[in-house]
file work-v9.cif (mmCIF, C-alpha atoms)
data_work
loop_
_atom_site.label_atom_id
_atom_site.label_comp_id
_atom_site.auth_asym_id
_atom_site.auth_seq_id
_atom_site.Cartn_x
_atom_site.Cartn_y
_atom_site.Cartn_z
CA MET A 1 -16.68 22.11 0.19
CA PHE A 2 -16.88 20.08 3.40
CA ASP A 3 -20.36 18.68 3.10
CA PHE A 4 -20.28 15.10 4.27
CA ASP A 5 -23.14 12.88 3.27
CA ALA A 6 -23.85 9.34 2.16
CA THR A 7 -21.10 9.63 -0.45
CA LEU A 8 -18.58 8.75 2.25
CA PRO A 9 -19.81 5.29 3.33
CA LEU A 10 -20.86 4.40 -0.19
CA MET A 11 -17.43 5.32 -1.49
CA ALA A 12 -15.84 3.18 1.24
CA VAL A 13 -18.03 0.22 0.32
CA GLN A 14 -17.34 0.80 -3.34
CA PHE A 15 -13.62 0.91 -2.67
CA LEU A 16 -13.71 -2.35 -0.72
CA LEU A 17 -15.66 -3.91 -3.58
CA LEU A 18 -13.05 -2.68 -6.02
CA ALA A 19 -10.30 -4.16 -3.85
CA ALA A 20 -12.16 -7.49 -3.73
CA ILE A 21 -12.73 -7.54 -7.48
CA LEU A 22 -9.17 -6.57 -8.26
CA ASN A 23 -7.96 -9.21 -5.83
CA VAL A 24 -9.70 -11.82 -7.97
CA VAL A 25 -9.07 -10.47 -11.45
CA PHE A 26 -5.76 -8.70 -10.98
CA TYR A 27 -3.65 -9.48 -7.92
CA LYS A 28 -4.12 -13.23 -7.71
CA PRO A 29 -3.64 -14.18 -11.37
CA LEU A 30 -0.77 -11.80 -12.01
CA THR A 31 1.00 -12.61 -8.74
CA LYS A 32 0.68 -16.26 -9.69
CA ALA A 33 2.04 -15.47 -13.16
CA ILE A 34 4.99 -13.58 -11.72
CA GLU A 35 5.79 -16.25 -9.17
CA ASP A 36 5.39 -19.05 -11.70
CA ARG A 37 7.76 -17.22 -13.96
CA SER A 38 10.36 -16.74 -11.27
CA ASP A 39 10.01 -20.41 -10.31
CA TYR A 40 10.45 -21.37 -13.93
CA ILE A 41 13.51 -19.18 -14.26
CA ARG A 42 14.94 -20.50 -11.00
CA SER A 43 14.43 -24.15 -11.96
CA ASN A 44 15.81 -23.54 -15.45
CA GLU A 45 18.80 -21.83 -13.97
CA ALA A 46 19.40 -24.69 -11.55
CA ASP A 47 19.04 -27.15 -14.40
CA ALA A 48 21.45 -25.20 -16.56
CA ARG A 49 23.89 -24.93 -13.70
CA GLU A 50 23.70 -28.68 -13.14
CA ARG A 51 24.29 -29.31 -16.82
CA LEU A 52 27.19 -26.93 -16.86
CA ALA A 53 28.72 -28.73 -13.88
CA LYS A 54 28.20 -32.04 -15.64
CA ALA A 55 29.79 -30.74 -18.80
CA GLU A 56 32.73 -29.40 -16.84
CA ASN A 57 33.15 -32.76 -15.15
CA LEU A 58 33.07 -34.49 -18.50
CA ALA A 59 35.63 -32.08 -19.89
CA LYS A 60 37.85 -32.70 -16.90
CA GLN A 61 37.44 -36.44 -17.31
CA TYR A 62 38.27 -36.26 -21.00
CA GLU A 63 41.27 -34.13 -20.26
CA SER A 64 42.57 -36.58 -17.73
CA GLU A 65 41.94 -39.43 -20.17
CA LEU A 66 43.76 -37.49 -22.82
CA ALA A 67 46.71 -36.92 -20.50
CA GLU A 68 46.70 -40.60 -19.57
CA THR A 69 46.68 -41.59 -23.24
CA ARG A 70 49.44 -39.16 -24.01
CA ARG A 71 51.52 -40.59 -21.20
CA GLN A 72 50.86 -44.10 -22.46
CA TYR A 73 51.86 -43.41 -26.00
CA GLN A 74 54.97 -41.61 -24.87
CA ALA A 75 55.83 -44.58 -22.72
CA THR A 76 55.17 -46.88 -25.68
CA ILE A 77 57.38 -44.77 -27.89
CA VAL A 78 60.16 -44.79 -25.33
CA ALA A 79 59.82 -48.56 -24.89
CA ALA A 80 59.78 -49.13 -28.63
CA GLN A 81 62.82 -46.91 -29.06
CA ALA A 82 64.65 -48.76 -26.32
CA GLU A 83 63.73 -52.10 -27.82
CA ALA A 84 64.78 -50.95 -31.24
CA HIS A 85 68.06 -49.78 -29.76
CA THR A 86 68.73 -53.08 -28.08
CA ILE A 87 67.76 -55.03 -31.18
CA ALA A 88 69.94 -52.84 -33.31
CA ALA A 89 72.81 -53.13 -30.89
CA GLN A 90 72.38 -56.89 -30.75
CA LYS A 91 72.22 -57.17 -34.51
CA ILE A 92 75.27 -54.98 -34.88
CA ALA A 93 77.12 -57.02 -32.33
CA GLU A 94 76.15 -60.26 -34.06
CA ALA A 95 77.13 -58.91 -37.41
CA GLN A 96 80.43 -57.69 -36.05
CA GLN A 97 81.06 -61.04 -34.42
CA GLU A 98 80.25 -62.85 -37.62
CA ALA A 99 82.43 -60.56 -39.59
CA GLN A 100 85.19 -61.09 -37.07
CA SER A 101 84.87 -64.83 -37.24
CA GLN A 102 84.74 -64.82 -41.02
CA ARG A 103 87.76 -62.60 -41.09
CA GLU A 104 89.56 -64.92 -38.74
CA ALA A 105 88.57 -67.95 -40.77
CA THR A 106 89.68 -66.25 -43.95
CA GLN A 107 92.92 -65.26 -42.25
CA LYS A 108 93.51 -68.82 -41.15
CA GLU A 109 92.81 -70.20 -44.61
CA LEU A 110 95.05 -67.56 -46.06
CA ASP A 111 97.78 -68.51 -43.65
CA GLN A 112 97.37 -72.16 -44.48
CA GLN A 113 97.46 -71.53 -48.17
CA LYS A 114 100.45 -69.29 -47.67
CA GLN A 115 102.19 -71.97 -45.72
CA ALA A 116 101.29 -74.56 -48.33
CA ALA A 117 102.50 -72.27 -51.04
CA MET A 118 105.66 -71.65 -49.07
CA GLN A 119 106.15 -75.35 -48.67
CA THR A 120 105.69 -76.08 -52.33
CA LEU A 121 107.94 -73.12 -53.06
CA GLU A 122 110.52 -74.51 -50.73
CA GLN A 123 110.32 -77.91 -52.36
CA GLN A 124 110.61 -76.35 -55.76
CA VAL A 125 113.51 -74.26 -54.53
CA GLU A 126 115.14 -77.42 -53.28
CA SER A 127 114.53 -79.33 -56.49
CA LEU A 128 115.60 -76.37 -58.53
CA SER A 129 118.73 -75.87 -56.51
CA ARG A 130 119.46 -79.56 -56.83
CA GLU A 131 118.96 -79.36 -60.58
CA ILE A 132 121.18 -76.31 -60.72
CA LEU A 133 123.70 -78.12 -58.62
CA ASP A 134 123.48 -81.18 -60.85
CA LYS A 135 123.90 -79.11 -63.93
CA LEU A 136 126.88 -77.26 -62.44
CA LEU A 137 128.40 -80.38 -61.15
CA ALA A 138 127.91 -82.22 -64.41
CA GLY A 139 130.24 -79.76 -66.04
CA VAL A 140 132.97 -80.44 -63.60
CA MET B 1 -20.70 26.71 -0.85
CA LEU B 2 -18.21 29.25 -1.93
CA ASN B 3 -17.09 30.60 -5.23
CA PHE B 4 -13.49 31.61 -5.11
CA ILE B 5 -13.59 33.72 -8.18
CA VAL B 6 -16.75 34.94 -9.77
CA ALA B 7 -16.18 35.06 -13.47
CA PRO B 8 -17.67 37.97 -15.34
CA ASN B 9 -20.89 36.89 -16.92
CA SER B 10 -19.79 37.94 -20.37
CA PHE B 11 -16.68 35.77 -20.20
CA HIS B 12 -17.71 32.13 -20.05
CA LEU B 13 -14.56 30.48 -21.30
CA ALA B 14 -13.87 29.00 -17.91
CA SER B 15 -15.31 29.32 -14.51
CA LEU B 16 -14.66 27.85 -11.12
CA GLU B 17 -17.14 25.80 -9.29
CA VAL B 18 -16.23 24.57 -5.86
CA GLY B 19 -18.91 23.18 -3.64
CA HIS B 20 -21.42 22.71 -6.39
CA HIS B 21 -22.49 19.11 -6.51
CA LEU B 22 -24.76 17.03 -8.63
CA TYR B 23 -26.95 15.66 -5.86
CA TRP B 24 -28.64 12.31 -6.21
CA GLN B 25 -31.34 11.33 -3.81
CA ILE B 26 -31.31 7.65 -2.82
CA GLY B 27 -34.11 7.04 -0.33
CA ASN B 28 -33.41 9.73 2.21
CA LEU B 29 -29.68 9.77 1.49
CA ARG B 30 -28.00 12.41 -0.58
CA VAL B 31 -24.88 11.57 -2.53
CA HIS B 32 -22.59 13.50 -4.82
CA GLY B 33 -23.38 12.10 -8.22
CA GLN B 34 -20.43 13.54 -10.11
CA VAL B 35 -17.99 11.83 -7.72
CA PHE B 36 -19.61 8.50 -8.32
CA LEU B 37 -19.72 8.97 -12.08
CA VAL B 38 -15.97 9.54 -12.31
CA SER B 39 -15.19 6.89 -9.71
CA TRP B 40 -17.19 4.37 -11.73
CA PHE B 41 -15.19 5.39 -14.75
CA VAL B 42 -11.96 4.83 -12.77
CA ILE B 43 -13.17 1.51 -11.40
CA GLY B 44 -14.26 0.42 -14.85
CA LEU B 45 -10.90 1.37 -16.28
CA LEU B 46 -9.02 -0.61 -13.62
CA VAL B 47 -11.25 -3.67 -13.90
CA ILE B 48 -11.20 -3.71 -17.69
CA ALA B 49 -7.43 -3.27 -17.77
CA SER B 50 -7.06 -6.12 -15.26
CA LEU B 51 -9.40 -8.37 -17.22
CA LEU B 52 -7.56 -7.64 -20.46
CA ALA B 53 -4.23 -8.27 -18.77
CA THR B 54 -5.23 -11.59 -17.22
CA ARG B 55 -7.44 -12.86 -20.03
CA ASN B 56 -4.59 -14.82 -21.52
CA VAL B 57 -1.66 -14.92 -19.14
CA GLN B 58 1.59 -15.64 -20.90
CA ARG B 59 4.92 -16.62 -19.49
CA VAL B 60 6.54 -13.92 -21.63
CA PRO B 61 4.29 -10.90 -20.97
CA ARG B 62 3.24 -8.64 -23.82
CA GLY B 63 1.26 -5.45 -24.16
CA ILE B 64 -1.28 -4.80 -21.45
CA GLN B 65 -0.13 -7.78 -19.37
CA ASN B 66 3.31 -6.22 -19.24
CA LEU B 67 1.88 -2.90 -18.12
CA MET B 68 -0.27 -4.42 -15.40
CA GLU B 69 2.57 -6.65 -14.21
CA TYR B 70 4.70 -3.56 -13.94
CA ALA B 71 1.97 -1.91 -11.85
CA LEU B 72 1.64 -5.01 -9.70
CA GLU B 73 5.37 -5.26 -9.13
CA TYR B 74 5.44 -1.59 -8.25
CA VAL B 75 2.78 -1.91 -5.54
CA ARG B 76 4.26 -5.18 -4.30
CA GLU B 77 7.61 -3.48 -3.94
CA LEU B 78 5.96 -0.56 -2.16
CA SER B 79 4.20 -2.86 0.32
CA ARG B 80 7.28 -4.98 0.84
CA ASN B 81 9.45 -1.96 1.57
CA GLN B 82 7.02 -0.78 4.23
CA LEU B 83 5.74 -4.03 5.71
CA GLY B 84 8.76 -6.28 5.36
CA GLU B 85 9.17 -9.58 3.56
CA LYS B 86 7.23 -11.58 6.16
CA ASP B 87 3.92 -9.74 6.39
CA TYR B 88 3.43 -7.87 3.15
CA ARG B 89 1.61 -10.46 1.04
CA PRO B 90 -1.94 -10.24 2.46
CA TRP B 91 -1.81 -6.44 2.35
CA VAL B 92 -0.81 -6.07 -1.28
CA PRO B 93 -4.40 -5.96 -2.59
CA PHE B 94 -5.46 -3.27 -0.13
CA ILE B 95 -2.42 -1.03 -0.50
CA GLY B 96 -2.18 -1.67 -4.21
CA THR B 97 -5.83 -0.82 -4.76
CA LEU B 98 -5.38 2.36 -2.73
CA PHE B 99 -2.48 3.36 -4.91
CA LEU B 100 -4.09 2.43 -8.22
CA PHE B 101 -7.46 3.95 -7.39
CA ILE B 102 -5.99 7.24 -6.19
CA PHE B 103 -3.46 7.39 -8.99
CA VAL B 104 -5.96 6.71 -11.77
CA SER B 105 -8.48 9.07 -10.15
CA ASN B 106 -5.95 11.90 -9.91
CA TRP B 107 -4.69 11.46 -13.43
CA SER B 108 -8.14 11.07 -14.89
CA GLY B 109 -9.02 14.36 -13.23
CA ALA B 110 -5.93 15.99 -14.69
CA LEU B 111 -5.85 14.43 -18.15
CA ILE B 112 -9.44 13.93 -19.26
CA PRO B 113 -11.32 17.05 -20.30
CA TRP B 114 -14.40 16.34 -18.22
CA LYS B 115 -15.60 19.89 -18.78
CA LEU B 116 -16.78 18.88 -22.23
CA ILE B 117 -19.50 16.83 -20.56
CA LYS B 118 -22.09 19.19 -19.17
CA LEU B 119 -23.89 18.27 -15.99
CA PRO B 120 -27.01 19.97 -14.65
CA GLU B 121 -25.02 21.06 -11.63
CA GLY B 122 -21.46 20.69 -10.47
CA GLU B 123 -18.76 19.34 -12.74
CA LEU B 124 -16.94 16.11 -13.29
CA ALA B 125 -13.47 15.98 -11.74
CA ALA B 126 -11.16 13.62 -9.95
CA PRO B 127 -13.09 11.72 -7.27
CA THR B 128 -10.23 12.52 -4.92
CA ASN B 129 -11.05 16.22 -4.93
CA ASP B 130 -14.16 15.46 -2.93
CA ILE B 131 -13.57 15.31 0.81
CA ASN B 132 -15.97 12.39 1.13
CA THR B 133 -13.76 10.14 -1.00
CA THR B 134 -10.53 10.96 0.78
CA VAL B 135 -12.08 10.63 4.23
CA ALA B 136 -13.59 7.31 3.21
CA LEU B 137 -10.20 6.04 2.10
CA ALA B 138 -8.47 7.41 5.19
CA LEU B 139 -11.01 5.79 7.52
CA LEU B 140 -10.53 2.51 5.67
CA VAL B 141 -6.81 2.85 6.33
CA SER B 142 -7.54 3.42 10.03
CA LEU B 143 -9.78 0.35 10.13
CA ALA B 144 -7.12 -1.61 8.27
CA TYR B 145 -4.37 -0.85 10.74
CA PHE B 146 -6.60 -1.51 13.73
CA TYR B 147 -7.57 -4.80 12.13
CA ALA B 148 -3.92 -5.59 11.43
CA GLY B 149 -2.93 -4.81 15.01
CA PHE B 150 -5.74 -6.79 16.61
CA SER B 151 -5.42 -9.80 14.34
CA LYS B 152 -1.70 -9.93 15.04
CA LYS B 153 -1.64 -9.23 18.79
CA GLY B 154 -5.19 -9.43 20.05
CA LEU B 155 -5.78 -7.13 22.99
CA GLY B 156 -2.03 -6.82 23.43
CA TYR B 157 -2.35 -4.24 20.68
CA PHE B 158 -3.38 -1.72 23.32
CA ALA B 159 -0.02 -2.17 24.99
CA LYS B 160 1.52 0.03 22.32
CA TYR B 161 -0.41 3.02 23.69
CA ILE B 162 1.48 2.89 26.97
CA GLN B 163 4.54 1.13 25.69
CA PRO B 164 7.45 3.51 26.21
CA THR B 165 5.69 5.38 28.98
CA PRO B 166 2.03 5.92 29.95
CA ILE B 167 2.65 9.65 29.95
CA LEU B 168 2.39 9.60 26.16
CA LEU B 169 -1.01 7.92 26.26
CA PRO B 170 -2.96 11.06 25.23
CA ILE B 171 -0.62 11.65 22.33
CA ALA B 172 -0.86 8.02 21.26
CA ILE B 173 -4.64 8.26 21.28
CA LEU B 174 -4.52 11.57 19.48
CA GLU B 175 -2.41 9.94 16.79
CA ASP B 176 -5.26 7.65 15.85
CA PHE B 177 -7.29 10.73 15.01
CA THR B 178 -4.57 12.74 13.32
CA LYS B 179 -3.55 9.91 11.03
CA PRO B 180 -6.80 9.70 9.03
CA LEU B 181 -7.22 13.46 9.28
CA SER B 182 -3.82 14.21 7.79
CA LEU B 183 -4.16 11.43 5.21
CA SER B 184 -7.50 12.64 3.94
CA PHE B 185 -6.73 16.35 4.02
CA ARG B 186 -3.36 15.95 2.37
CA LEU B 187 -4.85 14.16 -0.60
CA PHE B 188 -7.97 16.30 -0.78
CA GLY B 189 -6.08 19.55 -0.43
CA ASN B 190 -3.42 18.72 -2.96
CA ILE B 191 -5.81 17.56 -5.65
CA LEU B 192 -8.33 20.32 -5.11
CA ALA B 193 -5.62 22.97 -4.97
CA ASP B 194 -4.05 21.64 -8.12
CA GLU B 195 -7.35 21.75 -10.00
CA LEU B 196 -8.07 25.22 -8.65
CA VAL B 197 -4.68 26.56 -9.69
CA VAL B 198 -5.10 25.15 -13.17
CA ALA B 199 -8.65 26.55 -13.35
CA VAL B 200 -7.55 29.99 -12.18
CA LEU B 201 -4.72 30.10 -14.68
CA VAL B 202 -7.00 28.94 -17.46
CA LEU B 203 -9.39 31.64 -16.43
CA LEU B 204 -6.68 34.30 -16.63
CA VAL B 205 -4.62 33.10 -19.59
CA PRO B 206 -6.36 30.37 -21.53
CA LEU B 207 -3.42 29.35 -23.72
CA PHE B 208 -0.05 27.72 -22.97
CA VAL B 209 0.57 29.40 -19.61
CA PRO B 210 -1.33 26.75 -17.61
CA LEU B 211 0.64 23.93 -19.25
CA PRO B 212 3.61 23.90 -16.84
CA VAL B 213 1.20 24.01 -13.92
CA MET B 214 -0.75 21.12 -15.43
CA LEU B 215 2.50 19.14 -15.70
CA LEU B 216 3.27 20.00 -12.11
CA GLY B 217 -0.26 18.85 -11.29
CA LEU B 218 0.37 15.47 -12.93
CA PHE B 219 3.52 15.12 -10.88
CA THR B 220 1.74 16.11 -7.65
CA SER B 221 -1.09 13.69 -8.40
CA ALA B 222 1.30 10.77 -8.81
CA ILE B 223 3.25 11.76 -5.71
CA GLN B 224 0.08 12.05 -3.63
CA ALA B 225 -1.07 8.58 -4.67
CA LEU B 226 2.35 7.24 -3.71
CA VAL B 227 2.34 9.13 -0.40
CA PHE B 228 -1.12 7.89 0.52
CA ALA B 229 -0.33 4.26 -0.22
CA THR B 230 3.08 4.45 1.45
CA LEU B 231 1.68 6.02 4.61
CA ALA B 232 -1.14 3.47 4.73
CA ALA B 233 1.44 0.69 4.53
CA ALA B 234 3.60 2.40 7.14
CA TYR B 235 0.66 2.70 9.58
CA ILE B 236 -0.22 -0.96 9.10
CA HIS B 237 3.41 -1.88 9.66
CA GLU B 238 3.50 0.19 12.83
CA ALA B 239 0.39 -1.59 14.11
CA ILE B 240 1.86 -5.01 13.36
CA GLU B 241 5.29 -4.34 14.77
CA GLY B 242 4.47 -2.19 17.79
CA HIS B 243 7.34 -1.27 20.04
CA GLY B 244 9.91 -3.98 19.86
CA GLU B 245 9.14 -7.61 20.49
CA GLU B 246 7.89 -7.57 24.06
CA GLU B 247 5.15 -9.76 25.49
CA HIS B 248 2.25 -10.45 23.17
CA ALA B 249 -0.21 -11.31 25.93
CA PRO B 250 -3.59 -12.89 25.04
#

call {"tool": "encode", "arguments": {"input": "work-v9.cif", "output": "structure tokens"}}
result
Amino acid sequence: MFDFDATLPLMAVQFLLLAAILNVVFYKPLTKAIEDRSDYIRSNEADARERLAKAENLAKQYESELAETRRQYQATIVAAQAEAHTIAAQKIAEAQQEAQSQREATQKELDQQKQAAMQTLEQQVESLSREILDKLLAGV
Amino acid sequence: MLNFIVAPNSFHLASLEVGHHLYWQIGNLRVHGQVFLVSWFVIGLLVIASLLATRNVQRVPRGIQNLMEYALEYVRELSRNQLGEKDYRPWVPFIGTLFLFIFVSNWSGALIPWKLIKLPEGELAAPTNDINTTVALALLVSLAYFYAGFSKKGLGYFAKYIQPTPILLPIAILEDFTKPLSLSFRLFGNILADELVVAVLVLLVPLFVPLPVMLLGLFTSAIQALVFATLAAAYIHEAIEGHGEEEHAP
């Protein structure tokens, strides 16, 4: 069972040879493959992370632009409403003024005509009363 | 040479052979042929699997590449846990090959019915159930940690023998002998014992009863490969780190 002979050194040499061969055909290429793969994954991940960050920045930028736009259009609406209000108020005031002045003018004309009518009426009353008087007095 | 159990001659369903080897004569050296045959099978398996896995390396691994990448990540993780992030890279091939070679050897011994191939003498089995293999691997581990210590600290490596106190010097020196001894005998003993237990059970009850023990054997084989590689890495780490971060003279 314990007979040592040339098997021992030959086996050692053979083992070292095996280690050398496997180093060339197994350890080096597959270690390279594994490390290349992890490099690839790492760089891809970094790339993806960068892109994600970029996309998030863009989204943030768009959101702020959107908010800005929203603020602008609200401001525009408010300004337009205010302008419309002032214009409407102005127009209303003008119209009221015009109506007032027309009413006054009409009133004045009416008064004049009334006065004129009164005058003519008065004259007619006078002439009529004179005629009546003449007629009454003629009988006497 | 010892036969644990001598099977009755009339009953040749299974028999135990321990200490019978297929001897090859190379010059005036004798080697155990059956150990080399199976170890060449294991080496061929590992090399072919590696070649298939790296023939066409894809970014998204499939099939055999996936399997071998899993194995590689496993041994890388093992080395990193023992040696630390800074120093583990150059040691991955050594520790990984230890693990893969022992693991595939153990499992090939447990899973492949080598008995079907008749040899003139001895029988094919896991290379790790031969003491020569395990001692060779353990001595390589010793050399590796000495090399690691010297290349990192130069002669300052010897400081670790008297580091806490010179009183422990004999024990520190003894450790350098017990480490390879325990490494080799742990692996050898476990694998041989496992194969013997399975063989004895097969001898007694050929059907079904040995199956749980075979499963246990698979588990032990995997654990022993892990233990051997982990301890090798731990010894190398110990040699690199030494006791704290004191002076690293010349």

call {"tool": "resolve_selection", "arguments": {"input": "work-v9.cif", "expression": "the PyMOL selection byres ((chain A) within 9 of (chain B))", "output": "ChimeraX atom specification"}}
result
/A:1-13,15-16,18-23,25-31,33-34,36-37

call {"tool": "resolve_selection", "arguments": {"input": "work-v9.cif", "expression": "the PyMOL selection byres ((chain B and resi 145-162) around 12)", "output": "ChimeraX atom specification"}}
result
/B:83,87-88,90-91,94-95,138-144,163-176,179-180,231-250

call {"tool": "residues_around", "arguments": {"input": "work-v9.cif", "residues": "Asn190 in chain B", "least_positions_apart": "5", "cutoff": "12 Å", "atoms": "all atoms listed in the file", "output": "PyMOL selection string"}}
result
chain B and resi 106+126+128-131+134+182-185+195-197+216-225+227-228

call {"tool": "atom_distance", "arguments": {"input": "work-v9.cif", "atom1": "CA of Leu192 in chain B", "atom2": "CA of Ser105 in chain B"}}
result
12.3 Å

call {"tool": "atom_distance", "arguments": {"input": "work-v9.cif", "atom1": "CA of Leu17 in chain A", "atom2": "CA of Gln34 in chain B"}}
result
19.2 Å

call {"tool": "atom_distance", "arguments": {"input": "work-v9.cif", "atom1": "CA of Gln14 in chain A", "atom2": "CA of Leu181 in chain B"}}
result
20.5 Å

call {"tool": "resolve_selection", "arguments": {"input": "work-v9.cif", "expression": "the PyMOL selection byres ((chain B and resi 120) around 10)", "output": "list in words"}}
result
His21, Leu22, Tyr23, Lys118, Leu119, Glu121, Gly122 and Glu123 of chain B

call {"tool": "axis_aligned_box", "arguments": {"input": "work-v9.cif", "around": "range 200-216 of chain B", "padding_each_side": "4 Å", "output": "AutoDock Vina command-line options"}}
result
--center_x -2.9 --center_y 26.7 --center_z -17.9 --size_x 21.0 --size_y 23.2 --size_z 19.6
